[in-house]
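Source file: data_12.cif. Holds: mmCIF, C-alpha atoms.
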```cif
data_entry
loop_
_atom_site.label_atom_id
_atom_site.label_comp_id
_atom_site.auth_asym_id
_atom_site.auth_seq_id
_atom_site.Cartn_x
_atom_site.Cartn_y
_atom_site.Cartn_z
CA MET A 1 124.64 135.54 99.90
CA ASN A 2 123.02 138.79 100.96
CA ALA A 3 119.73 137.00 101.56
CA ILE A 4 121.35 134.44 103.84
CA GLN A 5 123.12 137.17 105.78
CA SER A 6 119.94 139.17 106.32
CA ALA A 7 118.07 136.01 107.36
CA TRP A 8 120.84 135.25 109.84
CA ALA A 9 120.75 138.84 111.11
CA TRP A 10 116.99 138.52 111.64
CA LEU A 11 117.47 135.22 113.43
CA THR A 12 120.06 136.59 115.84
CA GLN A 13 118.12 139.72 116.85
CA ALA A 14 117.28 139.58 120.56
CA GLN A 15 113.63 140.57 119.95
CA GLN A 16 113.06 137.38 117.97
CA TRP A 17 113.73 135.28 121.07
CA SER A 18 111.04 136.53 123.46
CA GLY A 19 107.35 137.37 123.57
CA ALA A 20 104.20 135.80 122.14
CA ASP A 21 105.49 135.78 118.57
CA GLY A 22 109.09 135.06 119.48
CA ILE A 23 110.80 131.93 118.23
CA PRO A 24 110.54 129.96 121.52
CA ALA A 25 106.76 130.52 121.74
CA ARG A 26 106.25 129.66 118.05
CA LEU A 27 108.44 126.59 118.40
CA ILE A 28 106.41 125.33 121.35
CA GLN A 29 103.18 125.85 119.38
CA HIS A 30 104.66 123.98 116.45
CA LEU A 31 105.75 121.12 118.70
CA GLU A 32 102.29 121.02 120.27
CA TYR A 33 100.56 120.59 116.91
CA THR A 34 103.12 118.03 115.83
CA CYS A 35 102.94 115.93 119.00
CA ILE A 36 99.14 115.99 119.24
CA ALA A 37 98.64 115.11 115.58
CA LEU A 38 101.28 112.40 115.72
CA ALA A 39 99.92 110.89 118.94
CA VAL A 40 96.33 110.78 117.65
CA ALA A 41 97.44 109.35 114.30
CA ALA A 42 99.55 106.70 116.05
CA LEU A 43 96.66 105.75 118.35
CA ILE A 44 94.54 105.06 115.27
CA ALA A 45 97.11 103.69 112.83
CA LEU A 46 99.29 101.48 115.06
CA PRO A 47 96.59 99.09 116.35
CA LEU A 48 94.95 98.97 112.92
CA GLY A 49 98.25 98.24 111.17
CA LEU A 50 99.11 95.53 113.72
CA LEU A 51 95.69 93.95 113.33
CA ILE A 52 95.72 93.95 109.53
CA GLY A 53 99.33 92.78 109.40
CA HIS A 54 98.74 90.00 111.93
CA THR A 55 95.56 88.64 110.33
CA GLY A 56 96.73 89.36 106.77
CA ARG A 57 93.21 90.52 105.92
CA GLY A 58 92.51 93.85 104.24
CA GLY A 59 95.92 94.27 102.62
CA PHE A 60 94.35 95.89 99.56
CA ILE A 61 92.96 98.71 101.74
CA ILE A 62 96.52 99.41 102.86
CA VAL A 63 97.87 99.60 99.31
CA THR A 64 95.06 101.96 98.30
CA LEU A 65 95.65 104.12 101.37
CA ALA A 66 99.38 104.27 100.70
CA ASN A 67 98.79 105.55 97.18
CA LEU A 68 96.06 107.97 98.19
CA GLY A 69 98.09 109.28 101.13
CA ARG A 70 100.94 110.25 98.83
CA ALA A 71 98.66 111.74 96.18
CA LEU A 72 96.63 113.97 98.53
CA PRO A 73 97.89 117.57 98.36
CA THR A 74 98.55 118.76 101.93
CA LEU A 75 97.82 122.42 101.24
CA GLY A 76 94.47 121.53 99.65
CA LEU A 77 93.44 119.36 102.59
CA VAL A 78 94.39 122.03 105.13
CA VAL A 79 92.50 124.79 103.27
CA LEU A 80 89.50 122.52 102.79
CA ALA A 81 89.36 121.61 106.49
CA PHE A 82 89.50 125.33 107.29
CA LEU A 83 86.73 126.34 104.86
CA ILE A 84 84.20 123.62 105.59
CA THR A 85 84.42 124.28 109.34
CA ASN A 86 83.94 128.01 108.77
CA GLY A 87 87.46 128.94 109.68
CA SER A 88 88.41 126.81 112.66
CA PRO A 89 92.18 126.41 113.04
CA ALA A 90 91.49 123.38 115.26
CA ALA A 91 90.00 121.60 112.24
CA VAL A 92 93.41 121.90 110.64
CA LEU A 93 94.72 119.54 113.31
CA VAL A 94 92.31 116.96 111.92
CA ALA A 95 93.90 117.42 108.49
CA LEU A 96 97.34 116.88 110.06
CA VAL A 97 96.11 113.64 111.65
CA VAL A 98 94.63 112.45 108.35
CA LEU A 99 97.95 113.03 106.61
CA ALA A 100 99.96 111.29 109.34
CA ILE A 101 97.88 108.09 109.34
CA PRO A 102 98.89 106.51 105.98
CA PRO A 103 102.68 106.29 106.56
CA ILE A 104 102.25 104.83 110.09
CA LEU A 105 99.54 102.40 109.00
CA VAL A 106 101.34 101.22 105.86
CA ASP A 107 104.73 100.69 107.49
CA THR A 108 103.28 98.97 110.57
CA TYR A 109 101.32 96.65 108.30
CA GLU A 110 104.34 95.92 106.12
CA GLY A 111 106.58 95.35 109.13
CA VAL A 112 104.26 92.81 110.72
CA GLN A 113 103.25 91.25 107.40
CA GLY A 114 106.90 90.92 106.39
CA ALA A 115 107.85 88.87 109.44
CA ASP A 116 109.40 85.63 108.26
CA ARG A 117 106.87 82.78 108.03
CA ASP A 118 109.37 80.43 109.65
CA VAL A 119 109.67 82.73 112.66
CA ARG A 120 105.90 82.77 113.03
CA ASP A 121 105.67 79.00 112.70
CA ALA A 122 108.47 78.56 115.22
CA ALA A 123 106.67 80.85 117.66
CA ARG A 124 103.47 78.86 117.24
CA GLY A 125 105.41 75.63 117.60
CA MET A 126 106.79 76.88 120.92
CA GLY A 127 103.19 77.11 122.10
CA MET A 128 102.75 80.86 121.89
CA THR A 129 99.21 82.18 121.66
CA ALA A 130 98.17 84.56 118.88
CA SER A 131 98.76 87.64 121.04
CA GLN A 132 102.12 86.30 122.23
CA ILE A 133 103.16 85.79 118.62
CA LEU A 134 102.16 89.38 117.89
CA PHE A 135 103.83 90.99 120.90
CA ARG A 136 106.90 88.80 121.28
CA ALA A 137 107.75 87.96 117.68
CA GLU A 138 106.00 90.12 115.12
CA ILE A 139 106.21 93.54 116.81
CA PRO A 140 109.93 93.28 117.67
CA ILE A 141 110.64 92.27 114.08
CA ALA A 142 108.48 95.11 112.77
CA THR A 143 110.05 97.77 115.04
CA PRO A 144 112.46 99.28 112.47
CA LEU A 145 109.67 99.72 109.93
CA ILE A 146 107.18 101.01 112.53
CA LEU A 147 109.73 103.65 113.56
CA LEU A 148 110.30 104.52 109.91
CA GLY A 149 106.55 105.05 109.51
CA LEU A 150 106.41 107.26 112.61
CA ARG A 151 109.41 109.25 111.37
CA THR A 152 107.87 109.77 107.92
CA ALA A 153 104.63 110.88 109.59
CA ALA A 154 106.48 113.27 111.93
CA ILE A 155 108.35 114.85 109.02
CA GLN A 156 105.08 115.17 107.13
CA VAL A 157 103.33 116.82 110.09
CA VAL A 158 106.18 119.29 110.75
CA ALA A 159 106.07 120.34 107.08
CA THR A 160 102.29 120.54 106.88
CA ALA A 161 102.00 122.49 110.14
CA THR A 162 104.36 125.03 108.51
CA ILE A 163 102.07 125.27 105.50
CA ALA A 164 99.01 125.53 107.76
CA ALA A 165 100.17 128.98 108.90
CA TYR A 166 98.59 130.08 105.62
CA ILE A 167 95.10 129.72 107.11
CA GLY A 168 96.07 131.25 110.46
CA LEU A 169 97.53 128.38 112.45
CA GLY A 170 100.35 129.50 114.75
CA GLY A 171 103.73 127.84 114.85
CA LEU A 172 106.91 128.46 112.90
CA GLY A 173 105.16 128.77 109.55
CA ARG A 174 103.88 132.19 110.69
CA TYR A 175 107.28 133.77 109.99
CA ILE A 176 107.27 132.43 106.44
CA ILE A 177 103.67 133.31 105.60
CA ASP A 178 103.69 136.73 107.32
CA GLY A 179 107.11 137.53 105.90
CA LEU A 180 105.98 136.67 102.37
CA ALA A 181 102.86 138.81 102.80
CA ARG A 182 104.97 141.81 103.92
CA SER A 183 107.86 141.09 101.51
CA ASP A 184 110.10 140.85 104.58
CA TYR A 185 112.49 138.27 103.17
CA ALA A 186 114.85 138.40 106.16
CA MET A 187 111.98 137.12 108.29
CA VAL A 188 110.99 134.52 105.66
CA GLY A 189 114.54 133.20 105.44
CA GLY A 190 115.06 133.23 109.22
CA GLY A 191 111.77 131.38 109.75
CA ALA A 192 112.71 128.82 107.12
CA MET A 193 116.02 128.23 108.92
CA VAL A 194 114.22 127.49 112.20
CA VAL A 195 111.84 125.11 110.39
CA VAL A 196 114.78 123.25 108.87
CA ALA A 197 116.50 123.05 112.26
CA LEU A 198 113.33 121.54 113.74
CA ALA A 199 112.92 119.05 110.87
CA LEU A 200 116.52 117.90 111.20
CA SER A 201 116.16 117.56 114.99
CA VAL A 202 113.14 115.31 114.45
CA GLN A 203 115.28 113.21 112.13
CA VAL A 204 118.07 112.98 114.74
CA ILE A 205 115.60 112.13 117.53
CA PHE A 206 114.27 109.20 115.51
CA VAL A 207 117.78 107.94 114.83
CA GLY A 208 118.26 108.03 118.62
CA ILE A 209 114.98 106.26 119.37
CA ARG A 210 115.87 103.62 116.84
CA ARG A 211 119.16 102.98 118.57
CA PHE A 212 117.56 101.89 121.82
CA ALA A 213 114.07 100.76 120.75
CA VAL A 214 115.10 98.20 118.15
CA PRO A 215 115.87 94.85 119.81
CA ALA A 216 119.52 93.79 119.61
CA GLY A 217 118.71 90.70 117.55
CA ILE A 218 116.98 92.77 114.89
CA ARG A 219 119.44 95.67 114.83
CA GLN A 220 122.11 93.91 112.80
CA GLN A 221 119.63 92.90 110.12
CA ALA A 222 117.99 96.30 110.00
CA GLN A 223 121.27 98.09 109.45
CA THR A 224 122.23 96.05 106.44
CA SER A 225 118.87 96.41 104.70
CA MET B 226 79.92 121.39 94.89
CA ASP B 227 79.23 123.70 91.96
CA TRP B 228 79.59 121.62 88.79
CA GLY B 229 78.64 124.60 86.63
CA TRP B 230 81.78 126.43 87.77
CA ILE B 231 83.92 123.46 86.82
CA SER B 232 82.58 123.19 83.28
CA ALA B 233 82.67 126.98 82.83
CA ASN B 234 86.35 127.04 83.80
CA ARG B 235 87.45 123.92 81.97
CA GLY B 236 90.12 125.74 79.93
CA GLU B 237 91.68 127.30 83.02
CA LEU B 238 91.65 123.96 84.90
CA ILE B 239 93.32 122.16 82.00
CA SER B 240 96.07 124.77 81.72
CA LEU B 241 96.71 124.65 85.50
CA ALA B 242 96.85 120.85 85.32
CA GLY B 243 99.32 121.06 82.43
CA ASN B 244 101.52 123.44 84.39
CA ASN B 245 101.29 121.18 87.46
CA LEU B 246 102.39 118.16 85.41
CA TYR B 247 105.27 120.10 83.86
CA LEU B 248 106.54 121.28 87.27
CA ALA B 249 106.19 117.76 88.72
CA LEU B 250 107.53 115.58 85.92
CA ILE B 251 110.68 117.51 84.96
CA PRO B 252 112.04 116.83 88.49
CA VAL B 253 111.22 113.13 88.21
CA VAL B 254 113.09 112.85 84.90
CA LEU B 255 116.05 114.84 86.26
CA GLY B 256 115.96 112.76 89.44
CA LEU B 257 116.17 109.54 87.44
CA VAL B 258 119.03 110.90 85.31
CA ILE B 259 120.95 111.73 88.51
CA SER B 260 120.03 108.56 90.44
CA ILE B 261 121.22 106.06 87.85
CA PRO B 262 124.91 107.12 87.90
CA LEU B 263 124.72 107.64 91.69
CA GLY B 264 123.20 104.18 92.10
CA VAL B 265 125.76 102.56 89.79
CA LEU B 266 128.63 104.20 91.71
CA SER B 267 127.08 103.14 95.03
CA VAL B 268 126.87 99.52 93.91
CA ARG B 269 130.37 99.48 92.44
CA TRP B 270 132.04 101.23 95.40
CA GLY B 271 130.11 100.34 98.55
CA TRP B 272 131.54 103.20 100.62
CA VAL B 273 129.80 105.76 98.40
CA TYR B 274 126.35 104.56 99.37
CA PRO B 275 126.02 105.44 103.11
CA PRO B 276 126.92 109.16 102.69
CA VAL B 277 124.69 109.44 99.59
CA LEU B 278 121.84 107.78 101.48
CA SER B 279 122.21 110.07 104.51
CA ALA B 280 122.41 113.18 102.34
CA THR B 281 119.24 112.32 100.40
CA SER B 282 117.29 111.41 103.54
CA VAL B 283 118.35 114.63 105.30
CA ILE B 284 117.17 116.69 102.30
CA TYR B 285 113.95 114.69 102.23
CA ALA B 286 113.24 115.71 105.83
CA ILE B 287 113.38 119.44 105.01
CA PRO B 288 109.86 120.84 104.51
CA SER B 289 109.28 121.79 100.87
CA LEU B 290 108.19 125.35 101.66
CA ALA B 291 111.49 126.03 103.45
CA LEU B 292 113.50 124.55 100.60
CA PHE B 293 111.62 126.66 98.03
CA ILE B 294 112.40 129.74 100.10
CA PHE B 295 116.13 129.04 100.21
CA LEU B 296 116.16 129.07 96.41
CA ILE B 297 114.29 132.35 96.02
CA PRO B 298 117.46 134.50 96.33
CA PHE B 299 119.02 132.52 93.47
CA THR B 300 116.17 131.72 91.10
CA GLY B 301 113.48 134.23 92.14
CA ILE B 302 109.68 134.10 92.21
CA VAL B 303 108.82 136.55 89.41
CA THR B 304 111.84 135.96 87.20
CA SER B 305 112.13 133.77 84.09
CA THR B 306 113.92 131.14 86.20
CA ARG B 307 111.12 130.96 88.79
CA ASP B 308 110.17 127.43 87.74
CA LEU B 309 113.61 126.33 88.93
CA THR B 310 112.66 127.47 92.45
CA LEU B 311 110.33 124.47 92.45
CA ILE B 312 112.11 122.13 90.06
CA ILE B 313 115.42 121.99 91.99
CA PRO B 314 113.93 121.07 95.41
CA LEU B 315 111.47 118.60 93.88
CA THR B 316 114.35 116.95 92.01
CA LEU B 317 116.29 116.61 95.28
CA TYR B 318 113.25 115.01 96.95
CA THR B 319 112.94 112.34 94.24
CA LEU B 320 116.53 111.23 94.97
CA ALA B 321 115.51 109.96 98.42
CA THR B 322 113.23 107.38 96.77
CA LEU B 323 115.05 106.79 93.48
CA VAL B 324 118.65 106.24 94.62
CA PRO B 325 117.83 103.37 97.05
CA ASN B 326 115.62 101.75 94.43
CA VAL B 327 118.29 101.97 91.71
CA VAL B 328 120.77 100.40 94.16
CA ASP B 329 118.34 97.64 95.22
CA GLY B 330 117.43 97.05 91.58
CA LEU B 331 121.05 96.66 90.50
CA ARG B 332 121.76 94.42 93.49
CA SER B 333 118.84 92.20 92.45
CA VAL B 334 120.79 91.16 89.32
CA PRO B 335 121.83 87.52 89.94
CA GLU B 336 125.59 87.01 89.95
CA PRO B 337 125.47 84.18 87.34
CA VAL B 338 123.65 86.54 84.95
CA ARG B 339 126.33 89.17 85.43
CA GLN B 340 129.07 86.61 84.84
CA SER B 341 127.33 85.21 81.74
CA ALA B 342 127.19 88.71 80.25
CA THR B 343 130.91 89.15 80.91
CA ALA B 344 131.65 85.72 79.44
CA MET B 345 129.71 86.72 76.31
CA GLY B 346 132.16 89.57 75.89
CA PHE B 347 130.03 92.44 77.24
CA GLY B 348 132.08 95.37 78.51
CA ALA B 349 131.08 97.14 81.72
CA MET B 350 128.99 99.83 79.98
CA ARG B 351 127.22 97.46 77.61
CA ARG B 352 126.53 95.01 80.44
CA LEU B 353 125.01 97.84 82.46
CA ALA B 354 122.82 99.12 79.63
CA ARG B 355 121.76 95.79 78.14
CA VAL B 356 121.64 93.45 81.12
CA GLU B 357 121.78 95.07 84.57
CA LEU B 358 119.50 98.08 84.09
CA PRO B 359 116.78 96.08 82.29
CA ILE B 360 116.77 93.54 85.14
CA ALA B 361 116.54 96.44 87.61
CA VAL B 362 113.49 97.93 85.85
CA PRO B 363 110.77 96.53 88.18
CA VAL B 364 112.46 97.81 91.36
CA VAL B 365 113.41 101.17 89.82
CA MET B 366 109.87 101.51 88.50
CA ALA B 367 108.45 101.00 91.99
CA GLY B 368 110.54 103.96 93.19
CA LEU B 369 109.63 106.02 90.13
CA ARG B 370 105.93 105.53 90.87
CA VAL B 371 106.29 106.76 94.46
CA ALA B 372 108.42 109.74 93.39
CA THR B 373 106.01 110.73 90.59
CA VAL B 374 102.89 110.62 92.74
CA ALA B 375 104.57 112.60 95.55
CA SER B 376 105.96 115.16 93.11
CA ILE B 377 102.59 115.83 91.46
CA SER B 378 101.00 116.48 94.83
CA LEU B 379 103.92 118.53 96.25
CA VAL B 380 103.86 121.09 93.42
CA SER B 381 100.77 122.70 94.93
CA VAL B 382 102.78 123.90 97.96
CA GLY B 383 104.64 126.16 95.50
CA GLU B 384 101.50 128.28 95.31
CA LEU B 385 102.53 129.84 98.65
CA ILE B 386 105.41 131.45 96.75
CA GLY B 387 103.15 132.17 93.77
CA ASN B 388 103.89 129.26 91.43
CA GLY B 389 102.13 126.01 92.21
CA GLY B 390 100.13 124.63 89.27
CA LEU B 391 96.78 123.41 90.58
CA GLY B 392 97.69 124.79 94.01
CA PHE B 393 96.34 128.09 92.69
CA LEU B 394 92.86 126.65 93.21
CA PHE B 395 93.56 126.23 96.94
CA THR B 396 94.65 129.79 97.68
CA ASP B 397 92.08 131.28 95.29
CA GLY B 398 89.31 129.10 96.73
CA GLU B 399 90.30 130.11 100.24
CA GLN B 400 90.27 133.82 99.43
CA ARG B 401 86.89 133.56 97.70
CA ASP B 402 85.50 131.18 100.35
CA PHE B 403 84.55 128.80 97.52
CA PRO B 404 85.06 125.10 98.44
CA THR B 405 84.24 123.85 94.91
CA GLU B 406 87.55 125.23 93.72
CA ILE B 407 89.40 123.31 96.43
CA TYR B 408 87.53 120.07 95.74
CA ALA B 409 88.40 120.50 92.06
CA GLY B 410 92.08 121.06 92.90
CA ILE B 411 92.34 118.04 95.20
CA GLY B 412 90.36 115.89 92.74
CA LEU B 413 92.49 116.86 89.75
CA ILE B 414 95.76 116.31 91.62
CA VAL B 415 94.67 112.86 92.79
CA ILE B 416 93.47 111.97 89.27
CA LEU B 417 96.73 113.16 87.66
CA ALA B 418 98.77 111.27 90.25
CA LEU B 419 96.86 108.02 89.85
CA ALA B 420 96.86 108.32 86.04
CA ALA B 421 100.64 108.89 86.00
CA ASP B 422 101.00 105.91 88.34
CA ALA B 423 98.96 103.69 86.00
CA LEU B 424 100.99 104.83 82.98
CA LEU B 425 104.22 103.92 84.77
CA VAL B 426 102.85 100.45 85.57
CA LEU B 427 102.08 100.06 81.86
CA LEU B 428 105.53 101.34 80.89
CA GLY B 429 107.14 98.84 83.28
CA TRP B 430 105.13 96.06 81.68
CA LEU B 431 106.20 97.15 78.18
CA LEU B 432 109.86 97.40 79.20
CA THR B 433 110.06 93.88 80.64
CA PRO B 434 108.60 91.50 78.03
CA TRP B 435 110.52 88.55 79.53
CA ARG B 436 108.58 88.81 82.76
CA ARG B 437 105.37 88.20 80.86
CA SER B 438 106.48 84.89 79.34
CA ASP B 439 108.17 83.66 82.52
CA PRO B 440 105.76 81.08 83.96
CA GLY B 441 107.11 81.70 87.46
CA ALA B 442 106.47 85.43 87.29
CA SER B 443 102.94 85.30 86.02
CA HIS B 444 100.62 82.32 86.02
CA SER B 445 97.70 84.21 84.57
CA THR B 446 99.37 84.84 81.21
CA ARG B 447 99.87 81.14 80.68
CA GLU B 448 96.37 80.32 81.80
CA GLU B 449 94.95 82.98 79.51
CA ALA B 450 97.00 81.61 76.62
CA ALA B 451 95.71 78.12 77.34
CA ALA B 452 92.13 79.37 77.39
#
```

Go through the file and emit its structure as structure tokens.
Amino acid sequence: MNAIQSAWAWLTQAQQWSGADGIPARLIQHLEYTCIALAVAALIALPLGLLIGHTGRGGFIIVTLANLGRALPTLGLVVLAFLITNGSPAAVLVALVVLAIPPILVDTYEGVQGADRDVRDAARGMGMTASQILFRAEIPIATPLILLGLRTAAIQVVATATIAAYIGLGGLGRYIIDGLARSDYAMVGGGAMVVVALALSVQVIFVGIRRFAVPAGIRQQAQTS
Amino acid sequence: MDWGWISANRGELISLAGNNLYLALIPVVLGLVISIPLGVLSVRWGWVYPPVLSATSVIYAIPSLALFIFLIPFTGIVTSTRDLTLIIPLTLYTLATLVPNVVDGLRSVPEPVRQSATAMGFGAMRRLARVELPIAVPVVMAGLRVATVASISLVSVGELIGNGGLGFLFTDGEQRDFPTEIYAGIGLIVILALAADALLVLLGWLLTPWRRSDPGASHSTREEAAA
């Protein structure tokens, strides 16, 4: 209990809430890394997942990537990116992107691929072109899974950006890594609390996005599955 | 890549890999032991499932490093219980994959099969153990594979609090500016994960002999037999 109290005491000190290493500044850094990595990963993975799902070609690549993406140790990738670029924290962003791609790609592919054959045939029968089928039938059907992929990737990036403080990246992980190095456990605990708050907010934001981004016709189905 | 270093440190690498497997697999086993009753309860009483599902997905969203840290005051990082600092959070993470798969697996049992078992005089427990769980094996196994692979790779994050199996190679390699060590760590983790995955596929195959003789489930077996 003592540890939680001291972490809370650290968290509520006024000095923690201003300046270059205050919580607001660190939070903004953390959000920057997260948003950039997520946006770049989505720009790569979304079109690729849609393409592979729509054509049905290259599914085995997706399965391999899904397995590999889960097996790759995040800390190892981050440290490796740092070492082989001779200590560039920016290279770590590349590692974040690499880790965010598999969940987006796999879920987008599965969402599009899993669209009911009958729906696709009906769309074609109505005279839709290939791109109309993709944008007006397959993507709306795939929306819940695509959002799930983005959410998984966002959670992954928030966690990995925390770990990346180990090689000198800014963000909220700094409190944990610096605190551990100085045996300042109030700071470690307080930092961990902020990280958890951020992770849970990401979760809530995606629940919100899902509420208005998923088409009404799909929503009912998605909730029951 | 310095292959000489790898062969010179074989013993050390093997012991780190063993420790990594231990820290990763205990949580998977515990997770399965917890998920089966939770899954059974969720199927039997539908209202149990939504809160269980939300709780596991909220825990899953918490970064592992933060969760390890919350356990330090209770289980320590230099104490005899320090392995629990990793094992408890990793167990909680496996629930997010295992519980939904146990539920889906049990729901995949066809109603006529369930009724036949009852008509044959199976009680609830015996029906669960002898009929429902075996039928659920393929779906549960799919979740077990995901949880195992993720767990093996997540252990390395524990190195930031001084106990992370092969993760030691990452921090040590960083401090010594020696990429070979990091390549070795990543390589070994991926190999362990994929090997564990393959073993689970084999185990699933051994546990479901009826799927092999079912012509609908597998055409190749019949064709091979004919050849």

- Could you give me, as a PyMOL selection string, the residues that sit within 7 Å of (98.2, 122.8, 107.6) in the file's coordinates, counting only C-alpha atoms? chain A and resi 74-75+78+92+95-96+160-165

Write the residues of the selection above to a file with C-alpha atoms, as an mmCIF file, keeping the file's coordinate frame.
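Listing of selection.cif after writing:
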```
data_model
loop_
_atom_site.group_PDB
_atom_site.id
_atom_site.type_symbol
_atom_site.label_atom_id
_atom_site.label_comp_id
_atom_site.auth_asym_id
_atom_site.auth_seq_id
_atom_site.Cartn_x
_atom_site.Cartn_y
_atom_site.Cartn_z
ATOM 1 C CA THR A 74 98.550 118.760 101.930
ATOM 2 C CA LEU A 75 97.820 122.420 101.240
ATOM 3 C CA VAL A 78 94.390 122.030 105.130
ATOM 4 C CA VAL A 92 93.410 121.900 110.640
ATOM 5 C CA ALA A 95 93.900 117.420 108.490
ATOM 6 C CA LEU A 96 97.340 116.880 110.060
ATOM 7 C CA THR A 160 102.290 120.540 106.880
ATOM 8 C CA ALA A 161 102.000 122.490 110.140
ATOM 9 C CA THR A 162 104.360 125.030 108.510
ATOM 10 C CA ILE A 163 102.070 125.270 105.500
ATOM 11 C CA ALA A 164 99.010 125.530 107.760
ATOM 12 C CA ALA A 165 100.170 128.980 108.900
#
```

- Expected answer as a ChimeraX atom specification: chain A residues within 6 Å of chain B, all atoms listed in the file: /A:70-71,73,76,155,159,192,196,199

- Message: Just the number, please: distance in Å from atom CA of Arg355 of chain B to atom CA of Arg332 of chain B, one decimal.
- Response: 15.4 Å

- Message: Residues within 12 Å of Ala123 of chain A, please, as a list in words. Count all atoms listed in the file; anything in the same chain fewer than 2 positions from it doesn't count.
- Response: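 Near neighbours after the sequence-gap exclusion: Ala115, Asp116, Arg117, Asp118, Val119, Arg120, Asp121, Gly125, Met126, Gly127, Met128, Thr129, Ala130, Ser131, Gln132, Ile133, Leu134, Phe135, Arg136, Ala137 and Glu138 of chain A.
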
- Evaluate the PyMOL selection byres ((chain A and resi 168) around 10) and report residues as a count of residues only: 17
